[in-house]
Amino acid sequence: MPWFKRTKKGILTSRSGQHEMPAGQWRKCPACTAINAVRELDGNLNICPKCDYHDRLGSSEYFALLLDDGSCELHDQDIISTDPLEFSDRKNYSDRLESTRKKSGLPDAVQSATGRMERHTVSVAAMDFSFIGGSMGSVVGEVIARTIRRGVQQNIPVIVITQSGGARMMEGALSLMQMAKTSAHLARLHEKGVPYLSILTNPTTGGVTASFAMLGDINIAEPGALIGFAGPRVIRETIGQDLPKGFQSSEFLKDHGFVDMIVDRRELRATLIHILNLFQEEQSSP
C-alpha cells in the first residue's frame, strides 16, 4: 500500500517554467527526422542542414530569394476567387476561401511580380502551397496568364515557380480550362522568342504539371521534388505494373529527360542569372 499519493502532475518548483522553449521554435525534417531550430532553417532557405532536404518556401520568400533588393513590384493582388458553383464539402468553398486568405495573408495560391535580377528585368509568378495546397483555380490561371502576357508585352523573360497539388476541384471545369489558357499564352511568348524558365518545386502535380510547369524552354527542378500528374496508386492500377523506386522524383525525371537540370535552392538565383545571360548573348549575336 503506497505511503503517499501525488495530487498534481509533475513536480513544481520555484524555477518551474523559466527555461521552457516557446512553441514553434523547432521543426522535424520530413526526410531524416532531425530536429532543427526554425531560426537555423530560416537562415538556410528552409533546407535541412543535416540532409539537405528542401522544405517548402512561400511565394514571397521566392521573390526575396531571386529578385534584387528593392526591385520587387507585386501585381494582381486585387484578383480573388469567387464561388461560381456554390461548392460545399466539409465546409462551403466561399468560407474556405475567406478563412484561407486570412490565415495565409495571400489573395490566392499564386503571386506575380516584376523585378530585377542583376541586368535582367523579369516577370515572375510563384505558387504557394499554403493556399489550399497550391491548387489551380481560375484566379491562379489568370495570374499566370498575366505574368506571361507581361513577358510578351515588355519583351522580358518569364519565370514561373510551381508548387501545387493540381487543379482546384471546387471550381470544376473552370479550373481545367486554365491548362489550355496558360499554354496558349506560352505559345505566344515562344513565338516572340522570349525565354520562359519553369522552376518545379515540391510538389508539382496534376493539371499544373500537365500544362505550364513542363513547357519551359528550360525546366529546372529542386532536389527531391515530387513531380507527376497522377498519384502512384492510380498509375499502378491503370497500367497493372509495379513502379520503379522514386519514379516521380526530380532525380528520376532528369535521368529520363523530363527536366533539364536539378539546382540546389542556394544556387538557384546565380544559375538563373547565368542562363538569362546565355539567352541574351544568343539573341544579340549576329
# chains A, B, ... in the order shown; residues from 1 in each chain; ligands from 1
$ residues_around --residues "Leu276 (chain A)" --least-positions-apart "6" --cutoff "8 Å" --atoms "only C-alpha atoms" --output "MDAnalysis selection string"
chainID A and resid 120 157 195
$ closest_atom_pairs --of "region 148-187 of chain A" --to "region 50-72 of chain A" --cutoff "10 Å" --atoms "only C-alpha atoms" --output "Markdown table"
| residue | atom | partner | partner_atom | distance |
| --- | --- | --- | --- | --- |
| A:Ile161 | CA | A:Tyr62 | CA | 8.3 |
| A:Thr162 | CA | A:Ser59 | CA | 9.6 |
| A:Gln163 | CA | A:Arg56 | CA | 8.6 |
$ closest_residue --among "A:Ile273, A:Ile132, A:His75, A:Pro223" --to "Arg101 (chain A)" --atoms "only C-alpha atoms"
A:Ile132
$ residues_around --residues "region 249-253 of chain A" --least-positions-apart "5" --cutoff "9 Å" --atoms "only C-alpha atoms" --output "ChimeraX atom specification"
/A:200-201,221-228,258-262
$ atom_distance --atom1 "CA of Thr205 (chain A)" --atom2 "CA of Val110 (chain A)"
15.2 Å
$ select_by_dssp --residues "region 26-268 of chain A" --states "strand (DSSP E)" --output "PyMOL selection string"
chain A and resi 26-28+35-37+73-75+110-117+120-127+158-164+196-204+218-221+261-262
$ residues_around --residues "Gly207 (chain A)" --least-positions-apart "6" --cutoff "12 Å" --atoms "only C-alpha atoms" --output "VMD selection string"
chain A and resid 134 to 137 140 to 141 162 to 169 173 175 to 183 213 to 214 227 to 230
$ write_last_selection --atoms "N, CA and C atoms" --output "CSV table (one decimal), in the first residue's frame"
chain,number,residue,atom,x,y,z
A,134,GLY,N,-1.9,24.9,-52.9
A,134,GLY,CA,-1.4,25.5,-54.2
A,134,GLY,C,-2.3,25.1,-55.4
A,135,SER,N,-3.5,24.7,-55.1
A,135,SER,CA,-4.4,24.2,-56.2
A,135,SER,C,-4.7,25.3,-57.2
A,136,MET,N,-4.8,24.9,-58.5
A,136,MET,CA,-5.0,25.8,-59.6
A,136,MET,C,-6.5,26.0,-59.9
A,137,GLY,N,-7.0,27.2,-59.6
A,137,GLY,CA,-8.3,27.6,-59.9
A,137,GLY,C,-8.3,28.7,-61.0
A,140,VAL,N,-5.7,31.5,-60.2
A,140,VAL,CA,-4.3,31.1,-60.5
A,140,VAL,C,-4.0,31.1,-62.0
A,141,GLY,N,-4.9,30.5,-62.8
A,141,GLY,CA,-4.7,30.6,-64.2
A,141,GLY,C,-4.6,32.0,-64.8
A,162,THR,N,6.6,26.6,-59.6
A,162,THR,CA,5.3,25.8,-59.4
A,162,THR,C,5.4,25.1,-58.1
A,163,GLN,N,4.3,24.9,-57.4
A,163,GLN,CA,4.1,24.2,-56.1
A,163,GLN,C,2.7,24.0,-56.0
A,164,SER,N,2.2,22.8,-56.3
A,164,SER,CA,0.8,22.6,-56.4
A,164,SER,C,0.3,21.2,-56.3
A,165,GLY,N,-0.8,21.0,-55.8
A,165,GLY,CA,-1.4,19.6,-55.7
A,165,GLY,C,-2.3,19.3,-56.9
A,166,GLY,N,-2.4,20.3,-57.9
A,166,GLY,CA,-3.2,20.1,-59.1
A,166,GLY,C,-4.4,21.1,-59.2
A,167,ALA,N,-5.3,20.7,-60.0
A,167,ALA,CA,-6.5,21.6,-60.3
A,167,ALA,C,-7.3,21.7,-59.0
A,168,ARG,N,-8.1,22.8,-58.9
A,168,ARG,CA,-8.9,23.0,-57.7
A,168,ARG,C,-10.3,22.4,-58.0
A,169,MET,N,-10.6,21.3,-57.3
A,169,MET,CA,-11.9,20.6,-57.7
A,169,MET,C,-13.1,21.5,-57.3
A,173,ALA,N,-14.8,22.4,-64.0
A,173,ALA,CA,-14.2,22.6,-65.4
A,173,ALA,C,-13.5,23.9,-65.5
A,175,SER,N,-11.5,25.2,-63.5
A,175,SER,CA,-10.1,25.0,-63.2
A,175,SER,C,-9.3,24.3,-64.3
A,176,LEU,N,-9.9,23.3,-64.9
A,176,LEU,CA,-9.3,22.6,-66.0
A,176,LEU,C,-9.0,23.5,-67.2
A,177,MET,N,-9.9,24.5,-67.4
A,177,MET,CA,-9.7,25.4,-68.6
A,177,MET,C,-8.4,26.2,-68.5
A,178,GLN,N,-7.9,26.3,-67.3
A,178,GLN,CA,-6.7,27.1,-67.1
A,178,GLN,C,-5.5,26.4,-67.7
A,179,MET,N,-5.5,25.1,-67.9
A,179,MET,CA,-4.4,24.4,-68.6
A,179,MET,C,-4.2,24.9,-70.0
A,180,ALA,N,-5.3,25.0,-70.8
A,180,ALA,CA,-5.3,25.5,-72.1
A,180,ALA,C,-5.0,27.0,-72.2
A,181,LYS,N,-5.5,27.7,-71.2
A,181,LYS,CA,-5.4,29.2,-71.2
A,181,LYS,C,-3.9,29.5,-71.0
A,182,THR,N,-3.2,29.0,-70.0
A,182,THR,CA,-1.8,29.3,-69.8
A,182,THR,C,-0.9,28.8,-70.9
A,183,SER,N,-1.3,27.6,-71.5
A,183,SER,CA,-0.4,27.1,-72.5
A,183,SER,C,-0.5,27.9,-73.8
A,213,ALA,N,3.8,24.0,-66.2
A,213,ALA,CA,5.0,23.6,-65.4
A,213,ALA,C,6.1,22.9,-66.3
A,214,MET,N,5.6,22.1,-67.3
A,214,MET,CA,6.5,21.3,-68.1
A,214,MET,C,6.8,21.9,-69.5
A,227,ILE,N,7.3,15.3,-58.6
A,227,ILE,CA,6.8,15.9,-59.8
A,227,ILE,C,6.0,14.8,-60.5
A,228,GLY,N,4.8,15.0,-60.9
A,228,GLY,CA,4.0,14.0,-61.6
A,228,GLY,C,2.6,14.5,-61.9
A,229,PHE,N,1.9,13.7,-62.6
A,229,PHE,CA,0.5,14.0,-62.9
A,229,PHE,C,-0.5,13.3,-62.0
A,230,ALA,N,-0.6,12.0,-62.1
A,230,ALA,CA,-1.5,11.3,-61.2
A,230,ALA,C,-0.6,10.6,-60.1
$ residues_around --residues "region 33-38 of chain A" --least-positions-apart "5" --cutoff "9 Å" --atoms "only C-alpha atoms" --output "number ranges by chain"
A: 24-28, 43, 46, 48-51
$ atom_distance --atom1 "CA of Ile159 (chain A)" --atom2 "CA of Ile144 (chain A)"
10.1 Å
$ atom_distance --atom1 "CA of Phe279 (chain A)" --atom2 "CA of Leu45 (chain A)"
27.3 Å
$ closest_residue --among "A:Asp255, A:Asp42, A:Glu142, A:Asp242" --to "Ile80 (chain A)" --atoms "only C-alpha atoms"
A:Glu142
$ residues_around --residues "Leu97 (chain A)" --least-positions-apart "2" --cutoff "9 Å" --atoms "only C-alpha atoms" --output "PyMOL selection string"
chain A and resi 80-83+92-95+99-102+108+131-132
$ write_last_selection --atoms "C-alpha atoms" --output "mmCIF file, in the first residue's frame"
data_model
loop_
_atom_site.group_PDB
_atom_site.id
_atom_site.type_symbol
_atom_site.label_atom_id
_atom_site.label_comp_id
_atom_site.auth_asym_id
_atom_site.auth_seq_id
_atom_site.Cartn_x
_atom_site.Cartn_y
_atom_site.Cartn_z
ATOM 1 C CA ILE A 80 -9.566 36.844 -55.749
ATOM 2 C CA SER A 81 -11.577 33.663 -56.326
ATOM 3 C CA THR A 82 -15.350 33.536 -56.086
ATOM 4 C CA ASP A 83 -17.619 30.505 -55.698
ATOM 5 C CA ASN A 92 -18.599 25.966 -48.061
ATOM 6 C CA TYR A 93 -15.953 26.884 -50.630
ATOM 7 C CA SER A 94 -16.655 30.585 -50.065
ATOM 8 C CA ASP A 95 -15.957 30.158 -46.339
ATOM 9 C CA SER A 99 -10.511 31.708 -43.908
ATOM 10 C CA THR A 100 -7.505 30.749 -46.060
ATOM 11 C CA ARG A 101 -6.979 34.341 -47.174
ATOM 12 C CA LYS A 102 -6.969 35.467 -43.545
ATOM 13 C CA ASP A 108 -4.833 33.173 -53.787
ATOM 14 C CA PHE A 131 -3.256 28.340 -50.020
ATOM 15 C CA ILE A 132 -5.470 25.231 -50.451
#
$ select_by_dssp --residues "region 50-219 of chain A" --states "alpha helix (DSSP H)" --output "ChimeraX atom specification"
/A:59-66,93-104,138-154,173-192,206-209
$ write_last_selection --atoms "C-alpha atoms" --output "CSV table (one decimal), in the first residue's frame"
chain,number,residue,atom,x,y,z
A,59,SER,CA,5.9,32.8,-52.8
A,60,SER,CA,7.1,35.9,-51.1
A,61,GLU,CA,10.2,34.1,-49.9
A,62,TYR,CA,11.0,33.1,-53.5
A,63,PHE,CA,10.7,36.7,-54.6
A,64,ALA,CA,13.1,37.7,-51.9
A,65,LEU,CA,15.5,34.9,-52.9
A,66,LEU,CA,15.5,35.7,-56.7
A,93,TYR,CA,-16.0,26.9,-50.6
A,94,SER,CA,-16.7,30.6,-50.1
A,95,ASP,CA,-16.0,30.2,-46.3
A,96,ARG,CA,-12.8,28.2,-47.1
A,97,LEU,CA,-11.5,30.9,-49.4
A,98,GLU,CA,-12.2,33.6,-46.8
A,99,SER,CA,-10.5,31.7,-43.9
A,100,THR,CA,-7.5,30.7,-46.1
A,101,ARG,CA,-7.0,34.3,-47.2
A,102,LYS,CA,-7.0,35.5,-43.5
A,103,LYS,CA,-4.7,32.7,-42.4
A,104,SER,CA,-2.1,32.9,-45.2
A,138,SER,CA,-9.5,30.3,-62.3
A,139,VAL,CA,-7.5,33.0,-60.4
A,140,VAL,CA,-4.3,31.1,-60.5
A,141,GLY,CA,-4.7,30.6,-64.2
A,142,GLU,CA,-5.4,34.3,-64.8
A,143,VAL,CA,-2.5,35.4,-62.7
A,144,ILE,CA,-0.1,33.0,-64.5
A,145,ALA,CA,-1.5,34.2,-67.9
A,146,ARG,CA,-1.0,37.9,-66.9
A,147,THR,CA,2.6,37.1,-65.8
A,148,ILE,CA,3.3,35.6,-69.2
A,149,ARG,CA,1.5,38.4,-71.0
A,150,ARG,CA,3.8,40.9,-69.3
A,151,GLY,CA,6.7,39.0,-70.8
A,152,VAL,CA,5.2,39.3,-74.2
A,153,GLN,CA,4.3,43.0,-73.9
A,154,GLN,CA,7.6,44.1,-72.3
A,173,ALA,CA,-14.2,22.6,-65.4
A,174,LEU,CA,-13.3,26.2,-64.8
A,175,SER,CA,-10.1,25.0,-63.2
A,176,LEU,CA,-9.3,22.6,-66.0
A,177,MET,CA,-9.7,25.4,-68.6
A,178,GLN,CA,-6.7,27.1,-67.1
A,179,MET,CA,-4.4,24.4,-68.6
A,180,ALA,CA,-5.3,25.5,-72.1
A,181,LYS,CA,-5.4,29.2,-71.2
A,182,THR,CA,-1.8,29.3,-69.8
A,183,SER,CA,-0.4,27.1,-72.5
A,184,ALA,CA,-1.9,29.4,-75.2
A,185,HIS,CA,-0.2,32.4,-73.6
A,186,LEU,CA,3.1,30.5,-73.5
A,187,ALA,CA,2.8,29.7,-77.2
A,188,ARG,CA,2.6,33.5,-77.9
A,189,LEU,CA,5.7,34.0,-75.7
A,190,HIS,CA,7.5,31.3,-77.7
A,191,GLU,CA,6.6,32.9,-81.0
A,192,LYS,CA,8.1,36.1,-79.9
A,206,GLY,CA,-1.9,17.3,-61.5
A,207,GLY,CA,-3.0,19.9,-64.1
A,208,VAL,CA,-0.1,22.2,-63.3
A,209,THR,CA,2.3,19.5,-64.4
$ residues_around --residues "Thr114 (chain A)" --least-positions-apart "5" --cutoff "6 Å" --atoms "only C-alpha atoms" --output "PyMOL selection string"
chain A and resi 72-73+122-124
$ write_last_selection --atoms "C-alpha atoms" --output "PDB file, in the first residue's frame"
ATOM      1  CA  CYS A  72      10.151  43.605 -56.492  1.00  0.00           C
ATOM      2  CA  GLU A  73       6.852  45.102 -57.684  1.00  0.00           C
ATOM      3  CA  VAL A 122      11.918  39.573 -65.361  1.00  0.00           C
ATOM      4  CA  SER A 123       8.246  38.737 -64.950  1.00  0.00           C
ATOM      5  CA  VAL A 124       7.846  36.155 -62.173  1.00  0.00           C
TER       6      VAL A 124
END
